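For reference, run-v7.cif (mmCIF, C-alpha atoms):
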```cif
data_upload
loop_
_atom_site.label_atom_id
_atom_site.label_comp_id
_atom_site.auth_asym_id
_atom_site.auth_seq_id
_atom_site.Cartn_x
_atom_site.Cartn_y
_atom_site.Cartn_z
CA MET P 1 -19.86 -11.30 -1.45
CA THR P 2 -16.29 -12.13 -2.39
CA THR P 3 -13.21 -12.75 -0.36
CA THR P 4 -9.70 -11.46 -0.96
CA SER P 5 -7.37 -13.39 -3.24
CA THR P 6 -4.76 -15.84 -1.99
CA THR P 7 -1.99 -13.68 -3.42
CA HIS P 8 -3.14 -10.65 -1.45
CA GLN P 9 -3.66 -12.70 1.73
CA GLN P 10 0.01 -13.57 1.67
CA SER P 11 1.20 -10.05 0.94
CA ALA P 12 -1.00 -8.54 3.66
CA ALA P 13 0.27 -11.03 6.22
CA GLU P 14 3.83 -10.44 5.15
CA LEU P 15 3.48 -6.66 5.27
CA PHE P 16 1.89 -6.79 8.71
CA ALA P 17 4.64 -9.07 9.99
CA GLN P 18 7.25 -6.67 8.61
CA ALA P 19 5.53 -3.71 10.26
CA LEU P 20 5.78 -5.53 13.62
CA ARG P 21 9.51 -6.20 13.26
CA TYR P 22 11.54 -4.19 15.74
CA GLU P 23 13.82 -2.65 13.11
CA HIS P 24 10.74 -0.94 11.64
CA ARG P 25 9.55 0.44 14.98
CA PRO P 26 10.85 3.96 14.21
CA ASN P 27 8.76 4.10 11.04
CA PRO P 28 6.15 1.41 10.33
CA TYR P 29 4.09 3.81 8.19
CA PRO P 30 5.40 2.78 4.75
CA HIS P 31 4.13 -0.73 5.49
CA TYR P 32 0.79 0.67 6.64
CA GLU P 33 0.56 2.64 3.39
CA GLN P 34 0.85 -0.55 1.38
CA LEU P 35 -1.70 -2.32 3.58
CA LEU P 36 -4.17 0.50 2.94
CA ARG P 37 -4.46 -0.64 -0.68
CA GLU P 38 -7.04 -3.11 0.61
CA PRO P 39 -8.87 -1.83 3.70
CA ILE P 40 -9.99 -5.31 4.82
CA ALA P 41 -7.65 -8.28 4.34
CA ARG P 42 -7.68 -11.90 5.47
CA MET P 43 -4.42 -13.04 7.06
CA ASP P 44 -2.68 -16.39 6.74
CA ASP P 45 -3.69 -17.38 10.28
CA GLY P 46 -7.37 -16.85 9.52
CA ASN P 47 -7.53 -13.54 11.38
CA TRP P 48 -8.51 -10.33 9.60
CA LEU P 49 -6.85 -6.95 9.34
CA ALA P 50 -8.71 -3.64 8.98
CA THR P 51 -6.67 -0.64 7.84
CA GLY P 52 -9.12 1.79 6.20
CA HIS P 53 -10.42 4.70 8.27
CA ARG P 54 -14.03 4.17 7.20
CA GLU P 55 -13.92 0.43 7.82
CA ILE P 56 -12.29 0.76 11.25
CA SER P 57 -14.79 3.45 12.25
CA LEU P 58 -17.70 1.23 11.23
CA LEU P 59 -16.32 -1.80 13.04
CA LEU P 60 -15.67 0.15 16.25
CA ARG P 61 -19.33 1.15 16.36
CA ASP P 62 -20.95 -2.07 15.10
CA PRO P 63 -22.96 -3.89 17.84
CA ARG P 64 -22.33 -7.15 15.96
CA ILE P 65 -18.66 -6.79 16.90
CA SER P 66 -17.34 -7.91 20.29
CA ALA P 67 -14.44 -6.29 22.14
CA ASP P 68 -13.71 -9.66 23.74
CA ARG P 69 -10.92 -11.35 21.80
CA LEU P 70 -9.60 -13.31 24.80
CA PRO P 71 -9.73 -17.09 25.35
CA PRO P 72 -12.91 -18.55 26.93
CA PRO P 73 -13.20 -18.04 30.73
CA GLN P 74 -12.16 -21.62 31.50
CA GLN P 75 -8.90 -21.03 29.59
CA ARG P 76 -7.85 -17.78 31.28
CA PRO P 77 -6.89 -17.32 34.96
CA PHE P 78 -8.18 -13.75 35.20
CA ARG P 79 -11.33 -11.67 34.84
CA LYS P 80 -11.79 -9.34 31.86
CA SER P 81 -11.43 -5.57 32.17
CA LEU P 82 -13.98 -3.14 30.76
CA LEU P 83 -11.59 -2.69 27.80
CA VAL P 84 -12.62 -6.12 26.49
CA GLU P 85 -16.10 -6.38 27.99
CA ASP P 86 -19.30 -6.05 25.98
CA PRO P 87 -22.66 -4.62 27.08
CA PRO P 88 -24.26 -4.84 29.52
CA LYS P 89 -21.24 -5.58 31.77
CA HIS P 90 -19.10 -3.02 29.93
CA ASP P 91 -21.68 -0.28 30.38
CA GLN P 92 -22.06 -1.01 34.10
CA LEU P 93 -18.31 -0.93 34.73
CA ARG P 94 -17.77 2.17 32.59
CA GLN P 95 -20.55 4.04 34.35
CA LEU P 96 -19.03 3.23 37.72
CA VAL P 97 -15.56 4.39 36.66
CA SER P 98 -16.83 7.50 34.86
CA ARG P 99 -18.78 8.69 37.91
CA GLN P 100 -15.61 8.61 39.98
CA PHE P 101 -12.99 9.44 37.33
CA VAL P 102 -14.43 12.39 35.41
CA PRO P 103 -15.14 14.74 38.37
CA ARG P 104 -11.62 14.19 39.72
CA VAL P 105 -9.99 14.93 36.36
CA MET P 106 -11.90 18.16 35.79
CA GLY P 107 -10.02 21.09 37.27
CA MET P 108 -6.61 19.36 37.34
CA ARG P 109 -4.92 21.61 34.77
CA ASP P 110 -3.32 23.91 37.35
CA HIS P 111 -1.89 20.94 39.22
CA ILE P 112 -0.58 19.36 36.01
CA GLU P 113 1.04 22.66 35.04
CA GLN P 114 2.81 22.79 38.41
CA LEU P 115 4.06 19.22 38.02
CA VAL P 116 5.45 20.04 34.55
CA THR P 117 7.10 23.18 35.93
CA ASP P 118 8.75 21.23 38.74
CA LEU P 119 10.01 18.51 36.39
CA LEU P 120 11.56 21.02 33.99
CA ASP P 121 12.93 23.23 36.77
CA ALA P 122 15.17 20.33 37.78
CA HIS P 123 17.28 21.28 34.72
CA LEU P 124 17.52 25.04 35.36
CA SER P 125 21.16 24.78 36.41
CA GLU P 126 22.11 23.23 33.07
CA GLN P 127 23.01 26.08 30.68
CA PRO P 128 23.42 24.64 28.08
CA GLY P 129 21.94 21.31 28.98
CA GLN P 130 20.23 18.11 27.98
CA LEU P 131 17.16 16.25 29.17
CA ASP P 132 15.59 12.95 28.30
CA VAL P 133 12.00 13.88 27.51
CA VAL P 134 10.84 10.34 28.31
CA ALA P 135 12.65 9.81 31.62
CA ASP P 136 12.49 13.42 32.83
CA LEU P 137 8.98 14.46 31.76
CA ALA P 138 6.80 12.11 29.69
CA TYR P 139 7.20 9.21 32.13
CA PRO P 140 7.05 10.82 35.60
CA LEU P 141 4.21 13.25 34.79
CA PRO P 142 1.40 10.76 33.99
CA VAL P 143 2.55 8.19 36.53
CA THR P 144 2.40 10.83 39.27
CA VAL P 145 -1.03 12.01 38.10
CA ILE P 146 -2.59 8.55 37.84
CA CYS P 147 -1.10 7.46 41.16
CA GLU P 148 -2.51 10.56 42.86
CA LEU P 149 -5.91 9.88 41.28
CA LEU P 150 -5.92 6.24 42.34
CA GLY P 151 -4.60 6.88 45.83
CA VAL P 152 -1.24 5.17 45.38
CA PRO P 153 1.30 6.40 47.97
CA ARG P 154 4.07 8.58 46.56
CA GLU P 155 6.71 6.10 47.67
CA ASP P 156 5.08 3.38 45.54
CA GLU P 157 5.05 5.36 42.28
CA ALA P 158 8.30 3.84 41.01
CA LEU P 159 7.04 0.29 41.64
CA PHE P 160 3.66 1.08 40.06
CA GLY P 161 5.33 2.54 36.98
CA SER P 162 7.68 -0.42 36.66
CA LEU P 163 4.78 -2.87 36.78
CA ALA P 164 2.93 -0.93 34.08
CA ARG P 165 5.94 -0.88 31.78
CA ARG P 166 6.50 -4.62 32.11
CA LEU P 167 2.83 -5.44 31.55
CA THR P 168 2.52 -3.52 28.28
CA ARG P 169 4.51 -6.20 26.46
CA GLY P 170 1.55 -8.51 27.06
CA LEU P 171 -0.59 -6.36 24.77
CA ASP P 172 1.43 -7.33 21.70
CA PRO P 173 0.43 -10.30 19.50
CA ILE P 174 1.28 -13.50 21.34
CA ASP P 175 3.34 -14.83 18.43
CA THR P 176 5.82 -11.96 18.88
CA GLN P 177 6.53 -12.88 22.54
CA THR P 178 9.20 -15.30 23.68
CA GLU P 179 8.59 -17.99 26.30
CA ASP P 180 10.70 -16.02 28.77
CA GLU P 181 8.61 -12.91 28.15
CA ILE P 182 5.37 -14.84 28.63
CA ARG P 183 6.70 -16.27 31.90
CA GLU P 184 7.78 -12.82 33.07
CA LEU P 185 4.34 -11.42 32.23
CA GLN P 186 2.66 -14.08 34.36
CA GLU P 187 4.98 -13.26 37.26
CA THR P 188 4.35 -9.53 36.83
CA ARG P 189 0.57 -10.01 36.80
CA ALA P 190 0.85 -11.97 40.06
CA GLU P 191 3.04 -9.23 41.56
CA LEU P 192 0.53 -6.55 40.53
CA GLN P 193 -2.37 -8.56 41.93
CA GLN P 194 -0.61 -8.91 45.26
CA TYR P 195 0.18 -5.19 45.39
CA LEU P 196 -3.37 -4.14 44.46
CA GLU P 197 -4.92 -6.45 47.05
CA GLY P 198 -2.80 -4.78 49.72
CA LEU P 199 -3.66 -1.31 48.40
CA ILE P 200 -7.39 -2.12 48.40
CA ALA P 201 -7.19 -3.45 51.97
CA ARG P 202 -5.53 -0.23 53.17
CA HIS P 203 -8.15 1.96 51.49
CA ASP P 204 -10.95 -0.20 52.83
CA ALA P 205 -9.67 0.37 56.35
CA ALA P 206 -8.98 4.09 55.84
CA PRO P 207 -10.82 5.50 52.78
CA GLY P 208 -9.85 8.89 51.38
CA GLY P 209 -10.89 11.22 48.59
CA ASP P 210 -9.16 9.23 45.84
CA LEU P 211 -10.61 7.23 42.95
CA LEU P 212 -9.98 3.86 44.59
CA SER P 213 -11.86 4.87 47.73
CA GLY P 214 -14.68 6.24 45.58
CA LEU P 215 -15.05 2.99 43.67
CA MET P 216 -14.99 0.95 46.90
CA HIS P 217 -17.53 3.03 48.78
CA SER P 218 -19.68 4.45 46.00
CA GLN P 219 -23.25 5.29 47.01
CA THR P 220 -24.42 5.56 43.38
CA PRO P 221 -26.98 3.08 41.98
CA GLU P 222 -24.16 1.13 40.27
CA GLY P 223 -21.76 0.90 43.18
CA PRO P 224 -19.76 -0.17 45.01
CA MET P 225 -17.65 -2.17 42.57
CA ASP P 226 -17.18 -5.91 42.92
CA PRO P 227 -13.76 -6.61 44.59
CA ILE P 228 -12.36 -8.59 41.64
CA ASP P 229 -13.66 -6.06 39.10
CA LEU P 230 -12.09 -3.36 41.26
CA ARG P 231 -8.66 -4.95 41.12
CA VAL P 232 -8.89 -5.56 37.36
CA THR P 233 -10.06 -1.99 36.75
CA LEU P 234 -7.21 -0.55 38.78
CA GLY P 235 -4.74 -2.56 36.71
CA LEU P 236 -6.32 -1.25 33.51
CA LEU P 237 -6.25 2.37 34.71
CA LEU P 238 -2.62 1.94 35.67
CA ILE P 239 -1.62 1.07 32.10
CA ALA P 240 -4.21 3.08 30.18
CA GLY P 241 -3.73 6.15 32.36
CA HIS P 242 0.03 6.10 32.19
CA GLU P 243 1.78 4.24 29.39
CA THR P 244 -0.29 5.74 26.57
CA THR P 245 0.34 9.30 27.75
CA VAL P 246 4.08 8.66 27.95
CA ASN P 247 4.03 7.88 24.23
CA LEU P 248 1.72 10.77 23.40
CA ILE P 249 4.07 13.33 24.96
CA ALA P 250 7.20 11.68 23.52
CA ASN P 251 5.71 11.32 20.02
CA GLY P 252 4.49 14.91 20.18
CA THR P 253 7.94 16.18 21.14
CA LEU P 254 9.48 14.20 18.32
CA ALA P 255 7.00 15.68 15.83
CA LEU P 256 7.69 19.23 17.04
CA LEU P 257 11.46 18.88 16.83
CA ARG P 258 11.18 17.43 13.33
CA HIS P 259 8.89 20.32 12.31
CA PRO P 260 10.56 23.53 13.54
CA ASP P 261 7.83 25.74 12.06
CA ALA P 262 5.22 24.04 14.24
CA LEU P 263 7.51 24.38 17.27
CA ALA P 264 7.96 28.11 16.62
CA ARG P 265 4.20 28.60 16.26
CA LEU P 266 3.45 26.78 19.51
CA ARG P 267 6.06 28.85 21.34
CA THR P 268 4.17 32.07 20.59
CA ASP P 269 0.62 30.70 20.36
CA PRO P 270 -0.26 28.32 23.22
CA ASP P 271 -3.79 27.94 21.83
CA LEU P 272 -2.26 25.92 19.02
CA ALA P 273 -1.69 23.11 21.56
CA THR P 274 -5.29 21.94 21.29
CA PRO P 275 -5.37 21.10 17.55
CA LEU P 276 -1.69 20.16 17.60
CA VAL P 277 -2.22 17.35 20.12
CA GLU P 278 -5.10 16.07 17.98
CA GLU P 279 -2.74 15.97 15.02
CA VAL P 280 -0.15 14.03 17.05
CA LEU P 281 -2.90 11.54 17.88
CA ARG P 282 -3.54 11.16 14.16
CA TYR P 283 -0.02 11.42 12.76
CA ASP P 284 1.83 9.24 15.29
CA PRO P 285 -0.66 7.75 17.77
CA PRO P 286 0.51 6.18 21.03
CA VAL P 287 -1.81 3.18 20.47
CA GLN P 288 -1.16 1.66 17.06
CA MET P 289 -3.83 -1.03 16.95
CA SER P 290 -6.72 -2.71 18.75
CA GLY P 291 -8.73 -5.89 18.32
CA ARG P 292 -12.30 -7.16 18.00
CA SER P 293 -14.15 -10.37 17.14
CA THR P 294 -17.32 -10.94 15.13
CA LEU P 295 -20.57 -12.15 16.68
CA THR P 296 -22.10 -12.82 13.26
CA ASP P 297 -21.08 -12.62 9.59
CA ILE P 298 -20.12 -9.03 8.71
CA ASP P 299 -20.27 -7.69 5.15
CA ILE P 300 -17.83 -4.83 4.71
CA ALA P 301 -15.69 -3.41 1.90
CA GLY P 302 -16.88 -6.08 -0.54
CA THR P 303 -15.81 -8.87 1.82
CA THR P 304 -17.61 -11.15 4.25
CA ILE P 305 -15.88 -11.59 7.60
CA PRO P 306 -17.29 -14.82 9.08
CA LYS P 307 -18.81 -15.14 12.53
CA GLY P 308 -16.22 -15.91 15.19
CA SER P 309 -13.36 -14.19 13.35
CA ARG P 310 -10.80 -12.01 15.09
CA ILE P 311 -10.03 -8.64 13.57
CA ARG P 312 -7.02 -6.44 14.18
CA LEU P 313 -7.91 -2.78 13.77
CA LEU P 314 -4.77 -0.98 12.61
CA LEU P 315 -5.71 2.45 13.97
CA ALA P 316 -2.44 4.07 12.94
CA ALA P 317 -3.01 3.03 9.31
CA GLY P 318 -6.55 4.41 9.37
CA ASN P 319 -5.10 7.70 10.61
CA ARG P 320 -3.00 7.89 7.44
CA ASP P 321 -5.81 6.87 5.06
CA PRO P 322 -5.76 9.20 2.00
CA GLN P 323 -9.45 8.47 1.48
CA ARG P 324 -10.12 10.37 4.73
CA PHE P 325 -7.22 12.80 5.22
CA ALA P 326 -5.66 15.12 2.67
CA ASP P 327 -1.89 14.72 2.48
CA PRO P 328 -2.00 12.17 5.32
CA ASP P 329 1.75 11.76 5.73
CA ARG P 330 2.25 15.49 6.43
CA PHE P 331 2.15 16.84 9.98
CA VAL P 332 -0.36 19.72 9.98
CA PRO P 333 -0.60 21.17 13.53
CA ASP P 334 -3.89 22.98 12.92
CA ARG P 335 -5.48 20.33 10.68
CA ALA P 336 -9.26 20.84 10.37
CA ASP P 337 -11.88 18.08 10.53
CA ASN P 338 -9.40 15.78 12.26
CA ALA P 339 -11.51 12.70 12.97
CA HIS P 340 -8.53 10.61 14.07
CA LEU P 341 -8.71 7.17 15.67
CA GLY P 342 -6.14 7.94 18.36
CA PHE P 343 -8.57 7.24 21.18
CA GLY P 344 -10.49 4.48 19.40
CA GLY P 345 -14.23 4.97 18.96
CA GLY P 346 -17.68 3.77 19.85
CA ILE P 347 -18.60 2.61 23.35
CA HIS P 348 -14.95 1.78 24.12
CA TYR P 349 -13.69 5.30 23.36
CA CYS P 350 -10.80 6.03 25.73
CA ILE P 351 -12.19 6.93 29.13
CA GLY P 352 -9.06 8.92 29.98
CA ALA P 353 -8.99 11.01 26.78
CA THR P 354 -9.63 14.30 28.60
CA LEU P 355 -6.77 13.71 31.03
CA ALA P 356 -4.34 12.56 28.32
CA ARG P 357 -5.13 15.62 26.20
CA ALA P 358 -4.55 17.96 29.13
CA GLU P 359 -1.22 16.37 30.07
CA ALA P 360 0.06 16.45 26.48
CA GLN P 361 -1.13 20.00 25.77
CA ILE P 362 0.52 21.34 28.93
CA ALA P 363 3.77 19.37 28.54
CA LEU P 364 4.31 20.21 24.85
CA THR P 365 3.50 23.89 25.37
CA ALA P 366 5.99 24.10 28.24
CA LEU P 367 8.72 22.42 26.21
CA ALA P 368 8.14 24.77 23.27
CA ARG P 369 8.10 27.88 25.47
CA ARG P 370 10.95 27.12 27.84
CA LEU P 371 13.58 25.28 25.78
CA ALA P 372 15.81 27.50 23.66
CA SER P 373 17.26 25.92 20.50
CA PRO P 374 16.13 22.36 21.34
CA ARG P 375 17.68 19.65 19.20
CA LEU P 376 17.30 15.89 19.00
CA VAL P 377 20.47 14.14 20.15
CA ALA P 378 19.57 11.04 18.10
CA ASP P 379 17.12 10.80 15.22
CA PRO P 380 15.51 8.36 15.16
CA PRO P 381 15.70 7.74 18.91
CA PRO P 382 15.74 4.20 20.34
CA TYR P 383 12.24 2.72 20.49
CA ARG P 384 10.57 0.49 23.02
CA GLU P 385 10.01 -3.17 22.17
CA ASN P 386 6.24 -2.81 22.36
CA ALA P 387 4.54 -2.58 18.96
CA ILE P 388 1.01 -1.70 20.07
CA LEU P 389 1.90 1.02 22.59
CA ARG P 390 4.60 2.39 20.30
CA GLY P 391 6.95 5.15 21.41
CA PRO P 392 10.59 6.07 22.10
CA GLU P 393 12.43 4.29 24.89
CA SER P 394 14.36 7.49 25.47
CA LEU P 395 14.33 10.91 23.81
CA PRO P 396 17.44 12.96 24.64
CA VAL P 397 17.07 16.63 23.70
CA SER P 398 19.82 19.22 24.01
CA PHE P 399 19.11 22.92 24.57
CA THR P 400 21.11 26.12 24.97
CA ARG P 401 18.94 27.54 27.74
CA LEU P 402 15.96 26.63 29.89
CA ALA P 403 13.85 29.71 30.53
CA PRO P 404 12.30 30.21 33.97
CA ASP P 405 8.62 29.31 34.15
CA ASN P 406 7.60 32.95 33.85
CA GLY P 407 10.11 33.68 31.08
CA ASP P 408 10.36 33.23 27.36
CA ALA P 409 12.75 30.81 25.69
#
```

Could you express the structure from this file as structure tokens?
Amino acid sequence: MTTTSTTHQQSAAELFAQALRYEHRPNPYPHYEQLLREPIARMDDGNWLATGHREISLLLRDPRISADRLPPPQQRPFRKSLLVEDPPKHDQLRQLVSRQFVPRVMGMRDHIEQLVTDLLDAHLSEQPGQLDVVADLAYPLPVTVICELLGVPREDEALFGSLARRLTRGLDPIDTQTEDEIRELQETRAELQQYLEGLIARHDAAPGGDLLSGLMHSQTPEGPMDPIDLRVTLGLLLIAGHETTVNLIANGTLALLRHPDALARLRTDPDLATPLVEEVLRYDPPVQMSGRSTLTDIDIAGTTIPKGSRIRLLLAAGNRDPQRFADPDRFVPDRADNAHLGFGGGIHYCIGATLARAEAQIALTALARRLASPRLVADPPPYRENAILRGPESLPVSFTRLAPDNGDA
């Protein structure tokens, strides 16, 4: 096997660094397109970058690949979540969460629809009007849903959401974070730990029908969950069940308003929401990249990735791979055979995918149906600092009329 040339190592590292720069946050895809010329590339720091759809798909499902890319236990002051655990611990934790999570998510569509209706109805008096899709819909909807699922009191939703937003910066590559940001992340983690310990104590004393109570008092063969694992899992669900869906709804709205034909189709055909959300997950995914490490030498794409290497999986580049998708830079709302990487793949496939899909389908359909003549106030909108969970910081949209829930825009 051969390795990539020194010249290409430098260009791949440079392109990836450029893609991470904040000024390219509105559109990193031209850089991804160039990185796709070589689906596996070695970076200057010794890490590896996977951009090809086929290569990422193989790596996500390869048992010789570990999800754990964190420092050794003695070098980290926290326990790993199931997101970065390997079997058998991963499988045990996931089974515990799935048993409690999936039944509670099924049958929530009516409740989600009512929440979307209430959030949009707040703007009924504005004719014409303007709403910030992030602040007024994409943010409060999933935070309310995940807090209800977890058993977080309504009055704590704002605090819970604030903690999640601050913690997402810690998902970005460490070399993009300032010392002040790293210090703030440590303080935020401590604040979250303190809050969750109090929440767990209250639910231990007075359990209810929520997910937290279910995990604490499970009578299944796997349960109940270890107290530290419980706290770590709650923190993961907070971010994974909230921040990613904010971006999915915001990115979907942005795609619709930039593609008026798709918006018009969704307005009259709500069934289009199902394939359309899948296309948003491909075209502009809320999670841009993930990471893995190798447990042994891996031969792939004519290259050997040595044992102990760390690999960044650039999911958003794989979603635009012309070797897998025809006309990959075009938004096709009813695209067939859409094997996107928006929810990852393999044993770590997003556990909240069903919930995220439902929230996005309902929110985007309601926006298409109820907003008359919607228009972006700023294009591109301002983006959040975070490069991995990439999405608009705000998304102001003007409209001439907001139709009642039982009306037509």

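Across P:Asp299, P:Asp68, P:Asp136, P:Glu279, the tightest approach to Ile40 of chain P is made by P:Asp299 when counting all atoms listed in the file.
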
Set the distance at 12 Å and use all atoms listed in the file: which residues neighbour Asp379 of chain P once local chain neighbours fewer than 6 positions away are removed? I'd like the list as a PyMOL selection string. chain P and resi 26-27+254-255+257-258+392+394-397

Excluding same-chain residues fewer than 5 positions from Asp118 of chain P, what lies within 12 Å of it counting all atoms listed in the file, as a PyMOL selection string? chain P and resi 111-113+123-124+136-137+140-141+363+366+404-405

Length of the atom CA of Ile200 of chain P to atom CA of Val84 of chain P vector [Å]: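 Atom CA of Ile200 of chain P sits 22.9 Å away from atom CA of Val84 of chain P.
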
Answer key for the PyMOL selection byres ((chain P and resi 45) around 12), residues as number ranges by chain: P: 9-10, 12-14, 17, 41-44, 46-49, 175, 309-311

Would you compute the distance between atom CA of Pro260 of chain P and atom CA of Gln34 of chain P? Give it in Å to one decimal. 28.7 Å

Of the candidates P:Glu55, P:Asp229, P:Glu191, P:Asp321, which one gets nearest to Arg94 of chain P if we count only C-alpha atoms?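 The answer is P:Asp229, which sits nearest to Arg94 of chain P.
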
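Across the structure, atom CA of Tyr349 of chain P and atom CA of Leu59 of chain P are spaced 12.8 Å apart.
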
Residue nearest Lys89 of chain P - candidates P:Met225, P:Leu266, P:Leu248, P:Thr253, atoms counted: all atoms listed in the file: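 Looking only at the distances to Lys89 of chain P, the closest residue turns out to be P:Met225.
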
Looking at all atoms listed in the file, which of P:Leu167, P:Ile388, P:Ala403, P:Ile300 is the one that sits closest to Arg312 of chain P? P:Ile388

Contacts of Val277 of chain P at 8 Å or less, counting only C-alpha atoms, minus same-chain residues fewer than 3 places along, as a list in words? Gly252, Ala273, Thr274, Val280, Leu281, Pro333, Arg357, Ala360 and Gln361 of chain P

Residues selected by the PyMOL selection byres ((chain P and resi 282) around 8), written as a ChimeraX atom specification: /P:278-281,283-285,316,319-320,338,340-342

Taking into account all atoms listed in the file, which residue in the set P:His242, P:Arg165, P:Arg324, P:Arg375 is nearest to Phe399 of chain P?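 Using all atoms listed in the file, the shortest distance to Phe399 of chain P belongs to P:Arg375.
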